[in-house]
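> You'll find start_20.csv just under this line, and it carries CSV, C-alpha atoms.
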```csv
chain,number,residue,atom,x,y,z
A,1,MET,CA,-65.8,-67.3,0.8
A,2,GLU,CA,-64.5,-64.7,3.3
A,3,MET,CA,-61.3,-66.6,3.7
A,4,GLU,CA,-60.7,-66.5,-0.1
A,5,ARG,CA,-61.3,-62.7,0.0
A,6,ILE,CA,-58.7,-62.3,2.7
A,7,ILE,CA,-56.2,-64.4,0.8
A,8,SER,CA,-56.9,-62.3,-2.3
A,9,ILE,CA,-56.2,-59.1,-0.4
A,10,GLY,CA,-53.0,-60.5,1.0
A,11,GLY,CA,-51.8,-61.5,-2.5
A,12,ARG,CA,-52.5,-58.0,-3.9
A,13,LEU,CA,-50.7,-56.4,-0.9
A,14,GLN,CA,-47.7,-58.6,-1.5
A,15,LYS,CA,-47.6,-57.3,-5.1
A,16,ILE,CA,-47.8,-53.7,-3.9
A,17,LEU,CA,-44.9,-54.2,-1.4
A,18,GLU,CA,-42.8,-55.9,-4.1
A,19,ASP,CA,-43.5,-52.9,-6.4
A,20,ALA,CA,-42.6,-50.5,-3.6
A,21,ASP,CA,-39.3,-52.4,-3.1
A,22,THR,CA,-38.6,-52.2,-6.9
A,23,GLU,CA,-39.5,-48.5,-6.9
A,24,ALA,CA,-37.3,-47.9,-3.9
A,25,GLN,CA,-34.3,-49.7,-5.5
A,26,LYS,CA,-34.9,-47.7,-8.7
A,27,LYS,CA,-34.9,-44.4,-6.8
A,28,ILE,CA,-31.7,-45.3,-4.9
A,29,SER,CA,-30.0,-46.5,-8.1
A,30,GLU,CA,-31.1,-43.3,-9.9
A,31,ALA,CA,-29.6,-41.2,-7.0
A,32,LYS,CA,-26.4,-43.2,-7.2
A,33,ARG,CA,-26.2,-42.7,-10.9
A,34,LYS,CA,-26.7,-39.0,-10.6
A,35,ALA,CA,-24.2,-38.7,-7.8
A,36,ASP,CA,-21.5,-40.7,-9.8
A,37,GLU,CA,-22.3,-38.6,-12.8
A,38,ALA,CA,-21.9,-35.3,-10.9
A,39,ILE,CA,-18.6,-36.4,-9.2
A,40,ASN,CA,-17.1,-37.8,-12.4
A,41,SER,CA,-18.1,-34.6,-14.2
A,42,ALA,CA,-16.5,-32.4,-11.5
A,43,LYS,CA,-13.4,-34.6,-11.6
A,44,ALA,CA,-13.1,-34.3,-15.3
A,45,GLU,CA,-13.8,-30.5,-15.2
A,46,ALA,CA,-11.1,-30.1,-12.4
A,47,ASP,CA,-8.6,-32.1,-14.4
A,48,TYR,CA,-9.4,-30.1,-17.5
A,49,ARG,CA,-9.0,-26.7,-15.7
A,50,ARG,CA,-5.8,-27.8,-13.9
A,51,GLY,CA,-4.4,-28.9,-17.3
A,52,ARG,CA,-5.2,-25.6,-18.9
A,53,ALA,CA,-3.7,-23.7,-16.0
A,54,GLU,CA,-0.5,-25.7,-16.3
A,55,ARG,CA,-0.3,-24.9,-20.0
A,56,GLY,CA,-1.0,-21.2,-19.1
A,57,THR,CA,-4.3,-21.1,-20.9
A,58,GLY,CA,-7.8,-20.8,-19.7
A,59,ILE,CA,-6.9,-18.5,-16.8
A,60,ASP,CA,-8.5,-15.4,-18.4
A,61,ASP,CA,-11.3,-15.5,-15.9
A,62,LEU,CA,-8.9,-15.6,-13.0
A,63,ILE,CA,-6.9,-12.8,-14.4
A,64,VAL,CA,-10.0,-10.7,-15.0
A,65,ALA,CA,-11.2,-11.4,-11.4
A,66,GLU,CA,-7.7,-10.5,-10.1
A,67,GLU,CA,-7.6,-7.3,-12.1
A,68,LYS,CA,-11.0,-6.3,-10.8
A,69,LYS,CA,-9.9,-7.0,-7.3
A,70,ALA,CA,-6.6,-5.1,-7.7
A,71,LYS,CA,-8.4,-2.1,-9.3
A,72,LYS,CA,-10.7,-1.9,-6.4
A,73,GLU,CA,-7.7,-2.0,-4.0
A,74,ALA,CA,-5.9,0.5,-6.1
A,75,GLU,CA,-8.8,2.9,-6.0
A,76,LYS,CA,-8.7,2.8,-2.2
A,77,ILE,CA,-4.9,3.3,-2.2
A,78,ALA,CA,-5.2,6.3,-4.6
A,79,GLU,CA,-7.9,7.8,-2.4
A,80,GLU,CA,-5.7,7.5,0.7
A,81,TYR,CA,-2.8,9.2,-1.0
A,82,GLN,CA,-5.1,11.9,-2.4
A,83,LYS,CA,-6.3,12.5,1.2
A,84,LYS,CA,-2.7,12.9,2.4
A,85,VAL,CA,-1.9,15.3,-0.5
A,86,ASP,CA,-5.1,17.3,0.3
A,87,GLU,CA,-4.1,17.6,3.9
A,88,LEU,CA,-0.8,19.1,2.9
A,89,THR,CA,-2.5,21.6,0.7
A,90,TYR,CA,-3.9,23.4,3.7
A,91,ILE,CA,-0.8,23.9,5.9
A,92,PRO,CA,-1.4,27.0,8.1
A,93,ASP,CA,0.8,30.0,7.4
A,94,LYS,CA,1.9,29.8,11.0
A,95,LYS,CA,3.5,26.4,10.4
A,96,ILE,CA,5.3,27.7,7.3
A,97,GLU,CA,6.6,30.7,9.2
A,98,GLU,CA,7.8,28.4,12.0
A,99,SER,CA,9.7,26.2,9.5
A,100,VAL,CA,11.2,29.3,7.9
A,101,ASP,CA,12.5,30.4,11.3
A,102,LEU,CA,13.8,27.0,12.0
A,103,VAL,CA,15.9,26.8,8.8
A,104,LEU,CA,17.0,30.5,9.0
A,105,LYS,CA,18.2,29.9,12.6
A,106,GLU,CA,20.4,27.1,11.2
A,107,VAL,CA,21.8,29.2,8.4
A,108,LEU,CA,22.8,32.2,10.4
A,109,PRO,CA,25.9,31.9,12.5
A,110,ARG,CA,25.4,31.9,16.3
B,111,MET,CA,-68.5,-55.6,10.6
B,112,SER,CA,-67.7,-59.2,10.0
B,113,LYS,CA,-64.5,-60.7,11.4
B,114,SER,CA,-63.1,-61.4,7.9
B,115,ILE,CA,-63.6,-57.7,6.8
B,116,GLU,CA,-61.9,-56.5,10.0
B,117,ILE,CA,-58.9,-58.8,9.3
B,118,GLY,CA,-58.9,-57.6,5.7
B,119,SER,CA,-58.8,-53.9,6.7
B,120,ASP,CA,-56.0,-54.5,9.1
B,121,ILE,CA,-53.9,-56.2,6.5
B,122,ILE,CA,-54.5,-53.4,4.0
B,123,GLU,CA,-53.6,-50.8,6.7
B,124,LYS,CA,-50.4,-52.5,7.7
B,125,GLY,CA,-49.5,-53.2,4.1
B,126,ILE,CA,-49.9,-49.5,3.1
B,127,GLN,CA,-47.8,-48.4,6.1
B,128,LYS,CA,-45.0,-50.8,5.1
B,129,ARG,CA,-45.1,-49.6,1.5
B,130,ASN,CA,-44.9,-45.9,2.6
B,131,LYS,CA,-42.1,-46.7,4.9
B,132,VAL,CA,-40.1,-48.5,2.2
B,133,LEU,CA,-40.6,-45.5,-0.2
B,134,ALA,CA,-39.8,-42.9,2.5
B,135,GLU,CA,-36.6,-44.7,3.4
B,136,ALA,CA,-35.6,-44.9,-0.2
B,137,GLU,CA,-36.3,-41.2,-0.6
B,138,GLU,CA,-34.2,-40.4,2.5
B,139,ARG,CA,-31.3,-42.6,1.2
B,140,SER,CA,-31.5,-41.0,-2.2
B,141,GLN,CA,-31.3,-37.5,-0.7
B,142,ASN,CA,-28.3,-38.5,1.4
B,143,ILE,CA,-26.5,-39.9,-1.6
B,144,ILE,CA,-27.2,-36.7,-3.6
B,145,LYS,CA,-26.1,-34.5,-0.6
B,146,ALA,CA,-22.9,-36.5,-0.2
B,147,ALA,CA,-22.2,-36.1,-3.9
B,148,GLU,CA,-22.8,-32.4,-3.8
B,149,THR,CA,-20.3,-32.1,-0.9
B,150,GLU,CA,-17.8,-34.1,-2.9
B,151,VAL,CA,-18.3,-32.0,-6.0
B,152,ALA,CA,-17.8,-28.8,-3.9
B,153,ARG,CA,-14.6,-30.3,-2.4
B,154,LEU,CA,-13.3,-31.2,-5.8
B,155,ASN,CA,-14.0,-27.7,-7.1
B,156,PHE,CA,-12.4,-26.1,-4.1
B,157,ASP,CA,-9.3,-28.3,-4.4
B,158,ALA,CA,-9.1,-27.5,-8.1
B,159,ASP,CA,-9.4,-23.8,-7.5
B,160,ARG,CA,-6.7,-23.9,-4.9
B,161,GLN,CA,-4.4,-25.9,-7.1
B,162,ILE,CA,-5.0,-23.6,-10.1
B,163,LEU,CA,-4.3,-20.6,-7.9
B,164,GLN,CA,-1.0,-22.2,-6.9
B,165,ILE,CA,-0.2,-22.8,-10.5
B,166,VAL,CA,-1.1,-19.4,-11.8
B,167,GLY,CA,-0.2,-17.6,-8.6
B,168,SER,CA,2.8,-15.8,-10.0
B,169,GLU,CA,0.8,-14.5,-13.0
B,170,LEU,CA,-1.9,-13.2,-10.7
B,171,LYS,CA,0.7,-11.6,-8.5
B,172,THR,CA,2.1,-9.9,-11.6
B,173,VAL,CA,-1.4,-8.6,-12.4
B,174,ARG,CA,-1.8,-7.3,-8.9
B,175,LEU,CA,1.6,-5.7,-8.8
B,176,ARG,CA,1.0,-4.0,-12.1
B,177,ILE,CA,-2.2,-2.4,-11.0
B,178,VAL,CA,-1.7,-1.9,-7.2
B,179,GLY,CA,2.0,-1.3,-7.5
B,180,GLN,CA,1.6,1.4,-10.1
B,181,THR,CA,-1.0,3.2,-8.1
B,182,GLU,CA,1.1,3.0,-5.0
B,183,LEU,CA,4.0,4.5,-6.9
B,184,GLN,CA,1.9,7.3,-8.4
B,185,GLY,CA,0.5,8.0,-4.9
B,186,LYS,CA,3.9,8.2,-3.4
B,187,LYS,CA,5.2,10.4,-6.2
B,188,ALA,CA,2.2,12.8,-5.8
B,189,LEU,CA,2.8,12.9,-2.1
B,190,MET,CA,6.5,13.5,-2.5
B,191,ASP,CA,5.9,16.2,-5.1
B,192,LYS,CA,3.5,17.9,-2.7
B,193,ARG,CA,6.1,17.7,0.1
B,194,SER,CA,8.8,19.1,-2.2
B,195,GLU,CA,6.5,21.9,-3.3
B,196,ILE,CA,5.9,22.9,0.3
B,197,LEU,CA,9.6,22.6,1.3
B,198,SER,CA,10.5,24.7,-1.7
B,199,LYS,CA,8.1,27.3,-0.6
B,200,VAL,CA,9.8,27.3,2.8
B,201,TYR,CA,13.3,27.5,1.4
B,202,ASN,CA,12.3,30.2,-1.0
B,203,GLN,CA,11.0,32.3,1.9
B,204,VAL,CA,14.3,31.6,3.8
B,205,GLU,CA,16.2,32.8,0.7
B,206,GLN,CA,14.1,36.0,0.6
B,207,ARG,CA,14.7,36.6,4.3
B,208,LEU,CA,18.4,36.1,3.8
B,209,GLY,CA,18.4,38.5,0.9
B,210,LYS,CA,16.8,41.1,3.1
B,211,ILE,CA,19.2,40.4,6.0
B,212,SER,CA,22.2,40.8,3.7
B,213,GLU,CA,20.8,44.1,2.3
B,214,GLY,CA,20.5,45.3,5.9
B,215,LYS,CA,16.7,45.5,5.6
B,216,SER,CA,16.0,43.2,8.6
B,217,LYS,CA,15.6,45.1,11.8
B,218,ASP,CA,16.2,41.9,13.8
B,219,HIS,CA,19.6,41.2,12.3
B,220,ASP,CA,22.9,43.1,12.1
B,221,TYR,CA,24.4,41.9,8.8
B,222,ALA,CA,27.8,43.4,9.4
B,223,GLN,CA,28.1,41.3,12.6
B,224,ILE,CA,26.9,38.2,10.7
B,225,LEU,CA,29.4,38.7,8.0
B,226,GLU,CA,32.3,39.1,10.4
B,227,LYS,CA,31.2,35.9,12.2
B,228,LEU,CA,31.1,34.1,8.9
B,229,VAL,CA,34.6,35.2,8.1
B,230,ILE,CA,35.9,34.2,11.6
B,231,GLU,CA,34.2,30.9,11.4
B,232,GLY,CA,35.5,30.2,7.9
B,233,VAL,CA,39.1,31.2,8.8
B,234,SER,CA,38.9,28.9,11.8
B,235,ALA,CA,37.7,26.0,9.6
B,236,ILE,CA,40.4,26.6,7.0
B,237,SER,CA,43.0,26.6,9.8
B,238,ASP,CA,45.9,28.0,7.8
B,239,ASN,CA,48.3,31.0,8.1
B,240,GLU,CA,47.0,32.7,5.0
B,241,VAL,CA,43.4,32.8,3.9
B,242,ILE,CA,41.9,34.3,0.8
B,243,ILE,CA,38.4,35.6,1.1
B,244,SER,CA,35.9,35.9,-1.7
B,245,ALA,CA,32.6,37.8,-1.4
B,246,ASN,CA,30.1,39.7,-3.5
B,247,ASN,CA,30.8,43.4,-4.4
B,248,ARG,CA,28.9,44.8,-1.5
B,249,ASP,CA,30.5,42.6,1.1
B,250,THR,CA,34.0,42.9,-0.4
B,251,ASP,CA,33.7,46.7,0.0
B,252,TYR,CA,32.7,46.2,3.6
B,253,LEU,CA,35.5,43.8,4.3
B,254,LYS,CA,38.1,46.1,2.7
B,255,LYS,CA,37.0,48.8,5.0
B,256,ASN,CA,37.1,46.7,8.1
B,257,ILE,CA,39.9,44.3,7.3
B,258,LYS,CA,42.1,45.5,10.2
B,259,LYS,CA,39.3,45.1,12.7
B,260,ILE,CA,38.6,41.6,11.5
B,261,SER,CA,42.2,40.6,11.3
B,262,LYS,CA,42.6,41.4,15.0
B,263,ALA,CA,40.0,38.8,15.8
B,264,LEU,CA,41.8,36.2,13.8
B,265,GLY,CA,44.9,36.0,15.9
B,266,GLY,CA,47.7,36.5,13.4
B,267,VAL,CA,46.2,34.8,10.3
B,268,ASN,CA,47.1,36.7,7.2
B,269,VAL,CA,43.8,37.6,5.4
B,270,ARG,CA,43.5,38.7,1.8
B,271,LEU,CA,40.5,39.6,-0.2
B,272,ALA,CA,40.1,38.0,-3.7
B,273,GLU,CA,40.2,40.4,-6.6
B,274,SER,CA,37.1,39.1,-8.3
B,275,PRO,CA,33.8,39.3,-6.6
B,276,ILE,CA,31.4,36.3,-6.5
B,277,ASP,CA,27.7,36.3,-7.2
B,278,VAL,CA,26.1,35.3,-3.9
B,279,LEU,CA,23.4,36.6,-1.6
B,280,GLY,CA,25.9,37.1,1.2
B,281,GLY,CA,28.6,35.5,3.2
B,282,VAL,CA,32.1,34.4,2.0
B,283,VAL,CA,34.0,31.6,0.4
B,284,LEU,CA,37.5,31.1,2.0
B,285,LYS,CA,40.5,29.2,0.8
B,286,ASN,CA,44.1,28.8,1.8
B,287,SER,CA,46.9,30.1,-0.4
B,288,LYS,CA,47.6,26.7,-1.9
B,289,GLY,CA,43.9,26.5,-2.9
B,290,ASP,CA,43.6,22.9,-1.5
B,291,LYS,CA,41.3,23.9,1.3
B,292,ILE,CA,38.0,25.7,0.5
B,293,PHE,CA,35.2,26.5,2.8
B,294,ASN,CA,31.9,27.8,1.5
B,295,ASN,CA,30.4,30.0,4.2
B,296,THR,CA,28.0,31.9,1.9
B,297,PHE,CA,24.3,32.1,2.7
B,298,GLU,CA,23.7,29.7,-0.2
B,299,GLY,CA,26.3,27.2,1.1
B,300,ARG,CA,25.0,27.4,4.6
B,301,LEU,CA,21.4,27.1,3.4
B,302,ALA,CA,22.2,23.9,1.5
B,303,ARG,CA,23.7,22.4,4.7
B,304,ALA,CA,20.9,23.7,6.8
B,305,ILE,CA,18.3,22.1,4.4
B,306,SER,CA,20.0,18.8,4.8
B,307,GLU,CA,20.3,19.1,8.5
B,308,THR,CA,16.8,20.3,9.2
B,309,LYS,CA,14.8,18.4,6.6
B,310,ALA,CA,13.3,16.0,9.1
B,311,LYS,CA,12.6,18.6,11.7
B,312,THR,CA,11.0,20.9,9.1
B,313,ALA,CA,8.9,18.1,7.7
B,314,LYS,CA,7.7,17.4,11.3
B,315,THR,CA,6.9,21.1,11.9
B,316,LEU,CA,4.9,21.1,8.7
B,317,GLY,CA,3.0,18.0,9.8
B,318,MET,CA,4.4,15.9,6.9
B,319,ILE,CA,5.8,13.2,9.1
B,320,GLU,CA,4.8,11.9,12.6
B,321,ASN,CA,8.2,11.4,14.3
B,322,VAL,CA,11.7,12.6,13.9
B,323,SER,CA,14.5,10.4,15.2
```
Starting from the coordinates I provided, produce the structure as structure tokens.

Amino acid sequence: MEMERIISIGGRLQKILEDADTEAQKKISEAKRKADEAINSAKAEADYRRGRAERGTGIDDLIVAEEKKAKKEAEKIAEEYQKKVDELTYIPDKKIEESVDLVLKEVLPR
Amino acid sequence: MSKSIEIGSDIIEKGIQKRNKVLAEAEERSQNIIKAAETEVARLNFDADRQILQIVGSELKTVRLRIVGQTELQGKKALMDKRSEILSKVYNQVEQRLGKISEGKSKDHDYAQILEKLVIEGVSAISDNEVIISANNRDTDYLKKNIKKISKALGGVNVRLAESPIDVLGGVVLKNSKGDKIFNNTFEGRLARAISETKAKTAKTLGMIENVS
């Protein structure tokens, strides 16, 4: 009677292990399917984007991004030039006078 | 506990462990497959972006040049305008000083002496036997009165004064009798040359540029 019970347990366990194997295979297959799908989708998307770029279409986003980047850079450049202009606005009178003397000396005969 | 129950428990225990192990390994393998796929997708996207950038690179450069280049030009122009404004201020002040000098209002300068030097220098530059000198009304009068004194210093060159005066701050325009040699030794002419010769030095004095070669 006890032996029969043990055999019965063994049989049920065998079934559980077979189910686990099936579940494992299913999980791996599902992962492979998802991976293939993602890669194929990325390949198709890349081909599509490349094709549009070659035809000169579909690059609006890139242009907008470049414009944004360039505007930021331009703001910085404009600020730098403005700073230089501002520095020149406050030239001391002494320097102006010095320059006047320099030119005047050159104009007058020695 | 009977022997058969003990064996049964052991079988169950080992069986469950094996089942968990199989499922855990499958989970790990699945995650690795997904991770590898994610890496591959990222690589594909990266490559595509790079290739697209190469394809549309010239268009993006044009966009950048339009925005950054225009700002750069505007900035340079604003800076140049400011520099010109300051230099003009300097040159205007020089002109005012020259006006005062020629009117004899500068205590640091003797205009008569300056005028004579300008004539002598001009005659030497023309290098001819006969030289015609033009000046403004005031200077012509002075030169008429002092022509003998000036001629002495010119070593035999025949000097004549032009009949019509010229409209200048001071100084003289000289030419030979043929009229093919002309030397502008007026304040205006000398200032123009001085501006060109001292521009870099002046800019440095004003702190507009770092070095002067």
> Counting only C-alpha atoms, which residues of chain A sit at most 6 Å from some atom of chain B, and what is each one's closest atom pair with its distance in Å to one decimal, listed by chain and rising residue number, as JSON lines?

```
{"residue": "A:Glu2", "atom": "CA", "partner": "B:Ser114", "partner_atom": "CA", "distance": 5.8}
{"residue": "A:Ile6", "atom": "CA", "partner": "B:Gly118", "partner_atom": "CA", "distance": 5.6}
{"residue": "A:Leu17", "atom": "CA", "partner": "B:Arg129", "partner_atom": "CA", "distance": 5.4}
{"residue": "A:Ala20", "atom": "CA", "partner": "B:Arg129", "partner_atom": "CA", "distance": 5.8}
{"residue": "A:Ala24", "atom": "CA", "partner": "B:Ala136", "partner_atom": "CA", "distance": 5.1}
{"residue": "A:Ile28", "atom": "CA", "partner": "B:Ser140", "partner_atom": "CA", "distance": 5.1}
{"residue": "A:Ala31", "atom": "CA", "partner": "B:Ser140", "partner_atom": "CA", "distance": 5.2}
{"residue": "A:Ala35", "atom": "CA", "partner": "B:Ala147", "partner_atom": "CA", "distance": 5.1}
{"residue": "A:Ile39", "atom": "CA", "partner": "B:Val151", "partner_atom": "CA", "distance": 5.4}
{"residue": "A:Ala42", "atom": "CA", "partner": "B:Val151", "partner_atom": "CA", "distance": 5.8}
{"residue": "A:Ala46", "atom": "CA", "partner": "B:Ala158", "partner_atom": "CA", "distance": 5.4}
{"residue": "A:Arg50", "atom": "CA", "partner": "B:Ile162", "partner_atom": "CA", "distance": 5.7}
{"residue": "A:Ala70", "atom": "CA", "partner": "B:Arg174", "partner_atom": "CA", "distance": 5.4}
{"residue": "A:Ala74", "atom": "CA", "partner": "B:Val178", "partner_atom": "CA", "distance": 5.0}
{"residue": "A:Ala78", "atom": "CA", "partner": "B:Gly185", "partner_atom": "CA", "distance": 6.0}
{"residue": "A:Tyr81", "atom": "CA", "partner": "B:Gly185", "partner_atom": "CA", "distance": 5.2}
{"residue": "A:Val85", "atom": "CA", "partner": "B:Leu189", "partner_atom": "CA", "distance": 5.5}
{"residue": "A:Lys95", "atom": "CA", "partner": "B:Leu316", "partner_atom": "CA", "distance": 5.7}
{"residue": "A:Ser99", "atom": "CA", "partner": "B:Thr312", "partner_atom": "CA", "distance": 5.5}
{"residue": "A:Val100", "atom": "CA", "partner": "B:Val204", "partner_atom": "CA", "distance": 5.6}
{"residue": "A:Leu104", "atom": "CA", "partner": "B:Val204", "partner_atom": "CA", "distance": 6.0}
{"residue": "A:Glu106", "atom": "CA", "partner": "B:Ala304", "partner_atom": "CA", "distance": 5.6}
{"residue": "A:Val107", "atom": "CA", "partner": "B:Arg300", "partner_atom": "CA", "distance": 5.3}
```
> Can you measure atom CA of Gly209 of chain B to atom CA of Ile276 of chain B for me? One decimal in Å is fine.
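Result for atom CA of Gly209 of chain B versus atom CA of Ile276 of chain B: 15.1 Å, one decimal.
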> What is the distance, in Å and to one decimal place, between atom CA of Tyr90 of chain A and atom CA of Ser198 of chain B?
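Separation of atom CA of Tyr90 of chain A and atom CA of Ser198 of chain B: 15.4 Å.
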> I'd like the neighbourhood of Ala235 of chain B as a ChimeraX atom specification, where a residue qualifies if any of its atoms comes within 12 Å (using all atoms listed in the file), though same-chain residues fewer than 2 positions away should be ignored.
/B:228-233,237-239,241,264,283-286,291-295
> Based on the selection just made, write C-alpha atoms of those residues as a PDB file, in the frame of the given file.

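selection05.pdb, written as the output of this step:
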```
ATOM      1  CA  LEU B 228      31.100  34.100   8.900  1.00  0.00           C
ATOM      2  CA  VAL B 229      34.600  35.200   8.100  1.00  0.00           C
ATOM      3  CA  ILE B 230      35.900  34.200  11.600  1.00  0.00           C
ATOM      4  CA  GLU B 231      34.200  30.900  11.400  1.00  0.00           C
ATOM      5  CA  GLY B 232      35.500  30.200   7.900  1.00  0.00           C
ATOM      6  CA  VAL B 233      39.100  31.200   8.800  1.00  0.00           C
ATOM      7  CA  SER B 237      43.000  26.600   9.800  1.00  0.00           C
ATOM      8  CA  ASP B 238      45.900  28.000   7.800  1.00  0.00           C
ATOM      9  CA  ASN B 239      48.300  31.000   8.100  1.00  0.00           C
ATOM     10  CA  VAL B 241      43.400  32.800   3.900  1.00  0.00           C
ATOM     11  CA  LEU B 264      41.800  36.200  13.800  1.00  0.00           C
ATOM     12  CA  VAL B 283      34.000  31.600   0.400  1.00  0.00           C
ATOM     13  CA  LEU B 284      37.500  31.100   2.000  1.00  0.00           C
ATOM     14  CA  LYS B 285      40.500  29.200   0.800  1.00  0.00           C
ATOM     15  CA  ASN B 286      44.100  28.800   1.800  1.00  0.00           C
ATOM     16  CA  LYS B 291      41.300  23.900   1.300  1.00  0.00           C
ATOM     17  CA  ILE B 292      38.000  25.700   0.500  1.00  0.00           C
ATOM     18  CA  PHE B 293      35.200  26.500   2.800  1.00  0.00           C
ATOM     19  CA  ASN B 294      31.900  27.800   1.500  1.00  0.00           C
ATOM     20  CA  ASN B 295      30.400  30.000   4.200  1.00  0.00           C
TER      21      ASN B 295
END
```
> Record the distance separating atom CA of Asn246 of chain B and atom CA of Pro275 of chain B, expressed in Å with one decimal.
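Answer for the atom CA of Asn246 of chain B to atom CA of Pro275 of chain B separation: 4.8 Å.
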> Name the residues within 7 Å of (43.0, 38.8, -0.3), counting all atoms listed in the file in the file's coordinates, and put them as a PyMOL selection string.
chain B and resi 242-243+269-272
